[in-house]
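Below is protein-v2.pdb, holding PDB, C-alpha atoms.
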```pdb
MODEL        1
ATOM      1  CA  MET S   1      -3.400  28.394 -29.803
ATOM      2  CA  SER S   2      -0.488  29.150 -32.130
ATOM      3  CA  VAL S   3       2.238  31.668 -31.356
ATOM      4  CA  GLN S   4       1.106  33.788 -34.321
ATOM      5  CA  ALA S   5      -2.443  33.881 -32.958
ATOM      6  CA  GLN S   6      -1.143  34.950 -29.572
ATOM      7  CA  LEU S   7       0.928  37.737 -31.076
ATOM      8  CA  THR S   8      -1.962  39.108 -33.101
ATOM      9  CA  LYS S   9      -4.665  38.673 -30.476
ATOM     10  CA  GLY S  10      -6.432  41.963 -29.842
ATOM     11  CA  LYS S  11      -4.785  43.700 -32.776
ATOM     12  CA  ILE S  12      -6.424  44.902 -35.960
ATOM     13  CA  THR S  13      -6.037  42.273 -38.678
ATOM     14  CA  LEU S  14      -4.822  43.077 -42.197
ATOM     15  CA  LYS S  15      -8.374  42.696 -43.502
ATOM     16  CA  GLY S  16      -9.774  44.917 -40.750
ATOM     17  CA  SER S  17      -7.056  47.493 -41.388
ATOM     18  CA  ALA S  18      -7.885  47.456 -45.102
ATOM     19  CA  ARG S  19     -11.459  48.387 -44.264
ATOM     20  CA  ILE S  20     -10.337  51.235 -41.968
ATOM     21  CA  VAL S  21      -7.921  52.686 -44.549
ATOM     22  CA  THR S  22     -10.465  52.379 -47.375
ATOM     23  CA  GLU S  23     -13.069  54.149 -45.273
ATOM     24  CA  PHE S  24     -10.564  56.906 -44.528
ATOM     25  CA  PHE S  25      -9.879  57.317 -48.251
ATOM     26  CA  MET S  26     -13.585  57.557 -49.027
ATOM     27  CA  TYR S  27     -14.312  60.215 -46.397
ATOM     28  CA  GLY S  28     -11.014  61.990 -47.062
ATOM     29  CA  ILE S  29     -11.684  62.354 -50.790
ATOM     30  CA  ASN S  30     -15.207  63.640 -50.112
ATOM     31  CA  SER S  31     -13.845  66.142 -47.606
ATOM     32  CA  ILE S  32     -11.249  67.436 -50.081
ATOM     33  CA  LEU S  33     -13.848  67.787 -52.843
ATOM     34  CA  PHE S  34     -16.006  69.828 -50.465
ATOM     35  CA  GLN S  35     -13.285  71.971 -48.903
ATOM     36  CA  ARG S  36     -11.744  72.812 -52.285
ATOM     37  CA  GLY S  37     -15.108  73.679 -53.835
ATOM     38  CA  ILE S  38     -14.869  71.165 -56.680
ATOM     39  CA  TYR S  39     -18.664  70.812 -56.641
ATOM     40  CA  PRO S  40     -21.407  73.160 -55.373
ATOM     41  CA  ILE S  41     -22.196  73.020 -51.662
ATOM     42  CA  GLU S  42     -25.751  71.824 -52.384
ATOM     43  CA  GLU S  43     -24.279  68.603 -53.781
ATOM     44  CA  PHE S  44     -22.957  67.654 -50.342
ATOM     45  CA  GLU S  45     -24.526  66.609 -47.072
ATOM     46  CA  VAL S  46     -22.989  66.434 -43.634
ATOM     47  CA  THR S  47     -22.440  63.194 -41.779
ATOM     48  CA  LYS S  48     -20.848  62.322 -38.446
ATOM     49  CA  LYS S  49     -17.615  60.318 -38.613
ATOM     50  CA  TYR S  50     -14.476  60.121 -36.456
ATOM     51  CA  GLY S  51     -16.211  62.430 -33.990
ATOM     52  CA  LEU S  52     -16.310  65.146 -36.669
ATOM     53  CA  ASP S  53     -18.837  66.638 -39.075
ATOM     54  CA  ILE S  54     -17.699  65.573 -42.550
ATOM     55  CA  TRP S  55     -19.275  66.658 -45.822
ATOM     56  CA  VAL S  56     -19.885  63.881 -48.361
ATOM     57  CA  SER S  57     -21.129  64.090 -51.922
ATOM     58  CA  ASN S  58     -24.761  63.217 -52.614
ATOM     59  CA  ASP S  59     -24.158  63.200 -56.373
ATOM     60  CA  GLN S  60     -24.941  59.723 -57.687
ATOM     61  CA  GLN S  61     -22.232  59.718 -60.358
ATOM     62  CA  VAL S  62     -19.524  60.766 -57.905
ATOM     63  CA  THR S  63     -20.697  58.222 -55.324
ATOM     64  CA  GLN S  64     -20.793  55.367 -57.837
ATOM     65  CA  TYR S  65     -17.358  56.302 -59.186
ATOM     66  CA  LEU S  66     -15.809  56.277 -55.710
ATOM     67  CA  ASP S  67     -17.618  53.099 -54.641
ATOM     68  CA  LYS S  68     -16.231  51.168 -57.615
ATOM     69  CA  ILE S  69     -12.697  52.362 -56.971
ATOM     70  CA  MET S  70     -12.819  51.711 -53.230
ATOM     71  CA  ALA S  71     -14.050  48.147 -53.752
ATOM     72  CA  SER S  72     -10.790  47.356 -55.547
ATOM     73  CA  VAL S  73      -8.710  49.453 -53.132
ATOM     74  CA  GLU S  74      -9.969  47.515 -50.115
ATOM     75  CA  GLU S  75      -9.266  44.214 -51.843
ATOM     76  CA  TRP S  76      -5.728  45.267 -52.761
ATOM     77  CA  LEU S  77      -5.010  46.633 -49.291
ATOM     78  CA  ALA S  78      -6.021  43.308 -47.756
ATOM     79  CA  ALA S  79      -3.691  41.543 -50.186
ATOM     80  CA  SER S  80      -0.824  44.045 -49.619
ATOM     81  CA  LYS S  81      -0.841  45.074 -53.275
ATOM     82  CA  ILE S  82      -1.230  48.860 -53.039
ATOM     83  CA  ASN S  83       1.312  51.482 -52.029
ATOM     84  CA  LYS S  84      -0.242  54.822 -52.985
ATOM     85  CA  LEU S  85      -3.531  56.584 -53.740
ATOM     86  CA  VAL S  86      -3.665  60.017 -55.377
ATOM     87  CA  LEU S  87      -6.492  62.507 -55.794
ATOM     88  CA  ALA S  88      -5.694  64.888 -58.657
ATOM     89  CA  VAL S  89      -7.708  68.082 -59.082
ATOM     90  CA  ASN S  90      -7.675  69.162 -62.727
ATOM     91  CA  SER S  91      -8.857  72.180 -64.679
ATOM     92  CA  ARG S  92     -11.824  71.242 -66.867
ATOM     93  CA  GLU S  93     -10.697  73.605 -69.600
ATOM     94  CA  SER S  94      -6.929  73.079 -69.775
ATOM     95  CA  ARG S  95      -6.785  69.615 -68.108
ATOM     96  CA  GLU S  96      -3.837  70.930 -66.100
ATOM     97  CA  THR S  97      -3.396  69.414 -62.650
ATOM     98  CA  LEU S  98      -3.842  72.128 -60.024
ATOM     99  CA  GLU S  99      -3.589  70.044 -56.846
ATOM    100  CA  ARG S 100      -2.324  66.556 -56.130
ATOM    101  CA  TRP S 101      -3.288  64.957 -52.819
ATOM    102  CA  GLN S 102      -1.100  61.920 -52.203
ATOM    103  CA  PHE S 103      -1.570  59.171 -49.634
ATOM    104  CA  ASP S 104       1.343  56.739 -49.280
ATOM    105  CA  VAL S 105       0.541  53.342 -47.801
ATOM    106  CA  GLN S 106       3.077  51.172 -46.020
ATOM    107  CA  LEU S 107       2.755  47.873 -44.237
ATOM    108  CA  VAL S 108       3.536  47.998 -40.531
ATOM    109  CA  GLU S 109       5.994  45.216 -39.845
ATOM    110  CA  GLU S 110       6.752  44.717 -36.189
ATOM    111  CA  GLU S 111       9.932  42.895 -35.306
ATOM    112  CA  VAL S 112       9.858  41.316 -31.879
ATOM    113  CA  ALA S 113      13.205  40.261 -30.451
ATOM    114  CA  ALA S 114      13.494  37.031 -28.524
ATOM    115  CA  GLY S 115      12.257  37.455 -24.977
ATOM    116  CA  GLU S 116      10.508  40.768 -25.714
ATOM    117  CA  LYS S 117       6.788  41.337 -25.727
ATOM    118  CA  PRO S 118       5.107  42.733 -28.848
ATOM    119  CA  LYS S 119       3.706  46.237 -28.748
ATOM    120  CA  PRO S 120       0.158  46.479 -27.415
ATOM    121  CA  PRO S 121      -2.563  47.041 -30.021
ATOM    122  CA  LYS S 122      -3.344  50.656 -30.893
ATOM    123  CA  SER S 123      -6.435  51.881 -29.087
ATOM    124  CA  GLU S 124      -9.476  53.025 -31.037
ATOM    125  CA  LYS S 125      -9.215  56.424 -29.326
ATOM    126  CA  THR S 126      -5.609  56.943 -30.444
ATOM    127  CA  LEU S 127      -6.421  55.891 -34.001
ATOM    128  CA  GLN S 128      -9.394  58.242 -34.150
ATOM    129  CA  MET S 129      -7.318  61.161 -32.847
ATOM    130  CA  GLU S 130      -4.691  60.576 -35.559
ATOM    131  CA  ILE S 131      -7.367  60.520 -38.278
ATOM    132  CA  GLN S 132      -9.094  63.574 -36.816
ATOM    133  CA  ALA S 133      -5.823  65.522 -37.113
ATOM    134  CA  ILE S 134      -5.661  64.826 -40.868
ATOM    135  CA  PHE S 135      -9.260  65.910 -41.438
ATOM    136  CA  ARG S 136      -8.635  69.112 -39.510
ATOM    137  CA  GLN S 137      -5.641  69.797 -41.761
ATOM    138  CA  ILE S 138      -7.779  69.190 -44.842
ATOM    139  CA  ALA S 139     -10.325  71.701 -43.513
ATOM    140  CA  ALA S 140      -7.538  74.186 -42.758
ATOM    141  CA  SER S 141      -5.978  73.780 -46.209
ATOM    142  CA  VAL S 142      -8.033  76.728 -47.499
ATOM    143  CA  SER S 143      -5.698  78.955 -45.486
ATOM    144  CA  PHE S 144      -2.573  78.060 -47.494
ATOM    145  CA  LEU S 145      -3.752  76.588 -50.821
ATOM    146  CA  PRO S 146      -4.395  78.978 -53.711
ATOM    147  CA  ILE S 147      -8.030  79.819 -54.414
ATOM    148  CA  ILE S 148      -9.410  77.676 -57.238
ATOM    149  CA  GLU S 149     -11.242  80.082 -59.502
ATOM    150  CA  GLU S 150     -11.851  77.792 -62.474
ATOM    151  CA  LYS S 151     -14.166  74.838 -62.890
ATOM    152  CA  CYS S 152     -12.445  71.590 -62.024
ATOM    153  CA  THR S 153     -12.852  67.860 -62.107
ATOM    154  CA  PHE S 154     -10.866  65.134 -60.357
ATOM    155  CA  ASN S 155      -9.175  61.801 -60.971
ATOM    156  CA  ILE S 156      -8.209  59.012 -58.614
ATOM    157  CA  LEU S 157      -4.891  57.255 -59.273
ATOM    158  CA  VAL S 158      -4.152  53.970 -57.525
ATOM    159  CA  TYR S 159      -0.607  52.613 -57.474
ATOM    160  CA  ALA S 160      -0.951  48.836 -57.245
ATOM    161  CA  ASP S 161       1.436  45.932 -57.782
ATOM    162  CA  SER S 162       1.809  44.628 -61.334
ATOM    163  CA  ASP S 163       0.092  41.348 -60.408
ATOM    164  CA  ALA S 164      -3.000  43.056 -58.957
ATOM    165  CA  GLU S 165      -6.210  42.121 -60.763
ATOM    166  CA  VAL S 166      -7.387  45.356 -62.370
ATOM    167  CA  PRO S 167     -11.011  45.881 -63.519
ATOM    168  CA  THR S 168     -11.348  45.937 -67.308
ATOM    169  CA  THR S 169     -12.876  49.422 -67.192
ATOM    170  CA  TRP S 170      -9.713  50.908 -65.658
ATOM    171  CA  THR S 171      -6.993  52.483 -67.793
ATOM    172  CA  ASP S 172      -3.360  53.412 -67.258
ATOM    173  CA  SER S 173      -2.703  57.078 -66.554
ATOM    174  CA  ASP S 174       0.254  59.387 -66.367
ATOM    175  CA  PRO S 175       1.105  60.476 -62.802
ATOM    176  CA  LEU S 176      -0.476  63.919 -63.282
ATOM    177  CA  HIS S 177       2.432  65.681 -61.600
ATOM    178  CA  ILE S 178       2.476  69.455 -61.185
ATOM    179  CA  LYS S 179       5.363  71.454 -62.644
ATOM    180  CA  ASN S 180       7.196  73.689 -60.152
ATOM    181  CA  ALA S 181       4.901  72.517 -57.382
ATOM    182  CA  GLU S 182       4.863  73.528 -53.748
ATOM    183  CA  GLN S 183       4.416  70.631 -51.333
ATOM    184  CA  VAL S 184       2.973  70.449 -47.842
ATOM    185  CA  ARG S 185       3.268  67.288 -45.794
ATOM    186  CA  LEU S 186       0.251  66.473 -43.659
ATOM    187  CA  ARG S 187      -0.190  64.271 -40.607
ATOM    188  CA  SER S 188      -0.115  60.486 -40.781
ATOM    189  CA  PHE S 189      -2.012  57.708 -39.080
ATOM    190  CA  SER S 190      -1.406  54.015 -38.569
ATOM    191  CA  THR S 191      -3.334  50.920 -37.675
ATOM    192  CA  ASP S 192      -1.668  47.748 -36.448
ATOM    193  CA  ALA S 193      -1.187  46.745 -40.103
ATOM    194  CA  HIS S 194      -0.916  49.891 -42.250
ATOM    195  CA  ARG S 195       0.628  53.342 -42.062
ATOM    196  CA  VAL S 196      -0.781  56.153 -44.200
ATOM    197  CA  GLU S 197       1.239  59.324 -44.845
ATOM    198  CA  ALA S 198      -0.430  62.296 -46.548
ATOM    199  CA  MET S 199       0.810  65.289 -48.493
ATOM    200  CA  VAL S 200      -0.578  67.836 -50.949
ATOM    201  CA  ALA S 201       1.204  69.433 -53.898
ATOM    202  CA  TYR S 202      -0.184  72.504 -55.599
ATOM    203  CA  ARG S 203       0.655  74.818 -58.476
ATOM    204  CA  ARG S 204       2.876  77.688 -57.403
ATOM    205  CA  ASP S 205       1.435  81.130 -58.107
ATOM    206  CA  PRO S 206       3.506  82.384 -61.086
ATOM    207  CA  ASP S 207       3.227  85.968 -59.812
ATOM    208  CA  LEU S 208       5.144  84.954 -56.691
ATOM    209  CA  CYS S 209       7.988  83.227 -58.504
TER     210      CYS S 209
ENDMDL
END
```
Same coordinates, now as structure tokens:
Amino acid sequence: MSVQAQLTKGKITLKGSARIVTEFFMYGINSILFQRGIYPIEEFEVTKKYGLDIWVSNDQQVTQYLDKIMASVEEWLAASKINKLVLAVNSRESRETLERWQFDVQLVEEEVAAGEKPKPPKSEKTLQMEIQAIFRQIAASVSFLPIIEEKCTFNILVYADSDAEVPTTWTDSDPLHIKNAEQVRLRSFSTDAHRVEAMVAYRRDPDLC
């Protein structure tokens, strides 16, 4: 058995971590769409994940759109070619970005000094607790984010390396930043291969400026 195999034994592989992070993105996006009222409640159904009740879209167009994106996201994560995913909530009428949920992705690189033992693999329980904390913050976001009173749509932005193989149906987009935005940093979670840090930016109420 090689030294590398010994060091990684029992830990989540890069490919396995890519699946975990992609799954988190999928459920996280669905949860945000539900909590922020982007679609009617009857277009969602509850499912059990991470020890929580999470609402996911049952709209075929939304599901197909997310499935296609996540197929590429998982592939790029496994190849270390992605550093950020953004969910932008936009006004249907003005196209203005009202909220911008950002998830930064970093590779976890463990340096083991000579004579020292590598860190033990992260337990499934610890990982689940970290992810649960983010979903609870998403659910609690209604307490500090402005009420969305207009009809909205959403876009997914994926920040990948220039050499990543991009589907022909994808197009370049501007970053959809929000002018004079307020920002709230959320919890983070990490596997043995990736670290995901979350934050949300939203349009400041002009009456409070």
Margin query: Excluding stretch 120-126 of chain S and its own-chain neighbours fewer than 6 positions away, which residues fall within 8 Å of it when counting all atoms listed in the file? Please give them as a VMD selection string.
Written below: chain S and resid 10 to 12 191 to 192
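Using all atoms listed in the file, the nearest neighbour of S:Ser57 within the list S:Val142, S:Leu85, S:Met70, S:Leu33 is S:Leu33.
Pairwise distance (atom CA of S:Leu14, atom CA of S:Val166) equals 20.5 Å.
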Notebook entry, point to check: Which is closest to S:Tyr65 among S:Asn30, S:Ala140, S:Arg19, S:Val196, if we use only C-alpha atoms?
Noted result: S:Asn30
Notebook entry, point to check: What does the PyMOL selection byres ((chain S and resi 77) around 12) select in this file, as a ChimeraX atom specification?
Noted result: /S:13-23,25,70-76,78-85,104-107,158-161,164,193-196
Next item on the list: Can you give me, as a PyMOL selection string, the residues this file yields under the PyMOL selection byres ((chain S and resi 91) around 7)?
Entry: chain S and resi 90+92-98+150-153
Checklist line | Picked residues, the PyMOL selection byres ((chain S and resi 183) around 7), expected as a PyMOL selection string | finding: chain S and resi 181-182+184-185+200-202
Next item on the list: Extract, using all atoms listed in the file, all DNA, RNA and protein residues at most 10 Å from S:Glu43, discarding same-chain residues fewer than 5 positions from it, and format them as a PyMOL selection string.
Entry: chain S and resi 34+55-60
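Take the candidates S:Glu130, S:Ser162, S:Arg204, S:Met26 and check each one against S:Phe144 using all atoms listed in the file; the shortest distance goes to S:Arg204.
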Check: Please, what distance in Å, to one decimal, runs between atom CA of S:Glu109 and atom CA of S:Ala198?
Finding: 19.4 Å
Show me the residues close to (-18.3, 63.0, -32.3) - anything with an atom within 12 Å, counting only C-alpha atoms - and format the list as a compact mmCIF listing (two decimals) with C-alpha atoms, in the coordinates of the input.
```
# COMPACT_ATOMS: atom_id res chain seq x y z
CA THR S 47 -22.44 63.19 -41.78
CA LYS S 48 -20.85 62.32 -38.45
CA LYS S 49 -17.61 60.32 -38.61
CA TYR S 50 -14.48 60.12 -36.46
CA GLY S 51 -16.21 62.43 -33.99
CA LEU S 52 -16.31 65.15 -36.67
CA ASP S 53 -18.84 66.64 -39.08
CA ILE S 54 -17.70 65.57 -42.55
CA LYS S 125 -9.22 56.42 -29.33
CA GLN S 128 -9.39 58.24 -34.15
CA MET S 129 -7.32 61.16 -32.85
CA GLN S 132 -9.09 63.57 -36.82
```
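Among the candidates S:Phe135, S:Phe189, S:Phe103, S:Phe44, the one nearest to S:Leu157 when counting all atoms listed in the file is S:Phe103.
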Kindly compute an axis-aligned box around the listed atoms of stretch 157-162 of chain S, allowing 8 Å on each side, and express its centre and edge lengths in Å to one decimal as AutoDock Vina command-line options.
```
--center_x -1.5 --center_y 50.9 --center_z -59.3 --size_x 22.7 --size_y 28.6 --size_z 20.1
```
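Of note, atom CA of S:Ile156 and atom CA of S:Ala88 are spaced 6.4 Å apart.
When all atoms listed in the file are used to measure the gap to S:Glu99, the shortest distance among S:Glu165, S:Arg36, S:Gln61, S:Ser31 belongs to S:Arg36.
Among the candidate residues S:Val108, S:Ile32, S:Ile148, S:Leu186, the one lying nearest to S:Ile131 is S:Leu186, with distances computed using all atoms listed in the file.
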Enumerate, as an mmCIF file with C-alpha atoms, in the frame of the given file, the protein, DNA and RNA residues whose atoms approach (-2.3, 63.3, -59.2) to within 6 Å, taking into account only C-alpha atoms and the coordinate frame of the file.
```
data_model
loop_
_atom_site.group_PDB
_atom_site.id
_atom_site.type_symbol
_atom_site.label_atom_id
_atom_site.label_comp_id
_atom_site.auth_asym_id
_atom_site.auth_seq_id
_atom_site.Cartn_x
_atom_site.Cartn_y
_atom_site.Cartn_z
ATOM 1 C CA VAL S 86 -3.665 60.017 -55.377
ATOM 2 C CA LEU S 87 -6.492 62.507 -55.794
ATOM 3 C CA ALA S 88 -5.694 64.888 -58.657
ATOM 4 C CA ARG S 100 -2.324 66.556 -56.130
ATOM 5 C CA PRO S 175 1.105 60.476 -62.802
ATOM 6 C CA LEU S 176 -0.476 63.919 -63.282
ATOM 7 C CA HIS S 177 2.432 65.681 -61.600
#
```
Your completed stretch 129-155 of chain S with N, CA, C and O atoms, as a compact mmCIF listing (two decimals), keeping the file's coordinate frame:
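Once everything was written out, this is part.txt:
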```txt
# COMPACT_ATOMS: atom_id res chain seq x y z
N MET S 129 -7.97 59.86 -33.01
CA MET S 129 -7.32 61.16 -32.85
C MET S 129 -6.34 61.44 -33.99
O MET S 129 -6.25 62.57 -34.48
N GLU S 130 -5.61 60.40 -34.44
CA GLU S 130 -4.69 60.58 -35.56
C GLU S 130 -5.45 60.93 -36.84
O GLU S 130 -5.02 61.80 -37.61
N ILE S 131 -6.57 60.25 -37.08
CA ILE S 131 -7.37 60.52 -38.28
C ILE S 131 -8.03 61.89 -38.19
O ILE S 131 -8.08 62.64 -39.18
N GLN S 132 -8.49 62.25 -37.01
CA GLN S 132 -9.09 63.57 -36.82
C GLN S 132 -8.11 64.68 -37.21
O GLN S 132 -8.49 65.68 -37.83
N ALA S 133 -6.84 64.50 -36.83
CA ALA S 133 -5.82 65.52 -37.11
C ALA S 133 -5.68 65.76 -38.62
O ALA S 133 -5.49 66.89 -39.06
N ILE S 134 -5.78 64.68 -39.42
CA ILE S 134 -5.66 64.83 -40.87
C ILE S 134 -6.87 65.57 -41.42
O ILE S 134 -6.73 66.46 -42.27
N PHE S 135 -8.06 65.24 -40.94
CA PHE S 135 -9.26 65.91 -41.44
C PHE S 135 -9.26 67.39 -41.06
O PHE S 135 -9.74 68.23 -41.83
N ARG S 136 -8.73 67.70 -39.91
CA ARG S 136 -8.64 69.11 -39.51
C ARG S 136 -7.65 69.85 -40.42
O ARG S 136 -7.84 71.02 -40.73
N GLN S 137 -6.59 69.17 -40.83
CA GLN S 137 -5.64 69.80 -41.76
C GLN S 137 -6.28 70.00 -43.14
O GLN S 137 -6.04 71.01 -43.79
N ILE S 138 -7.08 69.04 -43.56
CA ILE S 138 -7.78 69.19 -44.84
C ILE S 138 -8.70 70.41 -44.79
O ILE S 138 -8.74 71.23 -45.71
N ALA S 139 -9.42 70.55 -43.67
CA ALA S 139 -10.32 71.70 -43.51
C ALA S 139 -9.54 73.01 -43.46
O ALA S 139 -10.01 74.04 -43.96
N ALA S 140 -8.34 72.97 -42.89
CA ALA S 140 -7.54 74.19 -42.76
C ALA S 140 -6.74 74.49 -44.02
O ALA S 140 -6.11 75.55 -44.10
N SER S 141 -6.79 73.60 -45.00
CA SER S 141 -5.98 73.78 -46.21
C SER S 141 -6.37 75.04 -46.98
O SER S 141 -5.56 75.57 -47.74
N VAL S 142 -7.61 75.51 -46.79
CA VAL S 142 -8.03 76.73 -47.50
C VAL S 142 -7.19 77.93 -47.08
O VAL S 142 -7.16 78.94 -47.79
N SER S 143 -6.49 77.83 -45.97
CA SER S 143 -5.70 78.96 -45.49
C SER S 143 -4.35 79.06 -46.19
O SER S 143 -3.72 80.13 -46.16
N PHE S 144 -3.87 77.98 -46.83
CA PHE S 144 -2.57 78.06 -47.49
C PHE S 144 -2.62 77.64 -48.97
O PHE S 144 -1.69 77.96 -49.72
N LEU S 145 -3.67 76.96 -49.41
CA LEU S 145 -3.75 76.59 -50.82
C LEU S 145 -4.32 77.75 -51.64
O LEU S 145 -5.19 78.47 -51.17
N PRO S 146 -3.86 77.91 -52.86
CA PRO S 146 -4.39 78.98 -53.71
C PRO S 146 -5.89 78.79 -53.96
O PRO S 146 -6.38 77.66 -54.02
N ILE S 147 -6.61 79.89 -54.11
CA ILE S 147 -8.03 79.82 -54.41
C ILE S 147 -8.21 79.23 -55.81
O ILE S 147 -7.53 79.63 -56.76
N ILE S 148 -9.11 78.27 -55.93
CA ILE S 148 -9.41 77.68 -57.24
C ILE S 148 -10.56 78.47 -57.85
O ILE S 148 -11.69 78.41 -57.38
N GLU S 149 -10.25 79.20 -58.89
CA GLU S 149 -11.24 80.08 -59.50
C GLU S 149 -11.86 79.50 -60.77
O GLU S 149 -12.81 80.07 -61.31
N GLU S 150 -11.32 78.40 -61.25
CA GLU S 150 -11.85 77.79 -62.47
C GLU S 150 -12.59 76.50 -62.16
O GLU S 150 -12.40 75.91 -61.10
N LYS S 151 -13.43 76.08 -63.09
CA LYS S 151 -14.17 74.84 -62.89
C LYS S 151 -13.21 73.66 -63.00
O LYS S 151 -12.35 73.62 -63.88
N CYS S 152 -13.39 72.71 -62.09
CA CYS S 152 -12.44 71.59 -62.02
C CYS S 152 -13.17 70.25 -61.99
O CYS S 152 -14.36 70.16 -61.70
N THR S 153 -12.42 69.24 -62.28
CA THR S 153 -12.85 67.86 -62.11
C THR S 153 -11.75 67.14 -61.33
O THR S 153 -10.76 67.76 -60.93
N PHE S 154 -11.90 65.84 -61.11
CA PHE S 154 -10.87 65.13 -60.36
C PHE S 154 -10.67 63.73 -60.90
O PHE S 154 -11.55 63.17 -61.56
N ASN S 155 -9.50 63.18 -60.63
CA ASN S 155 -9.18 61.80 -60.97
C ASN S 155 -8.57 61.11 -59.76
O ASN S 155 -7.88 61.74 -58.96
```
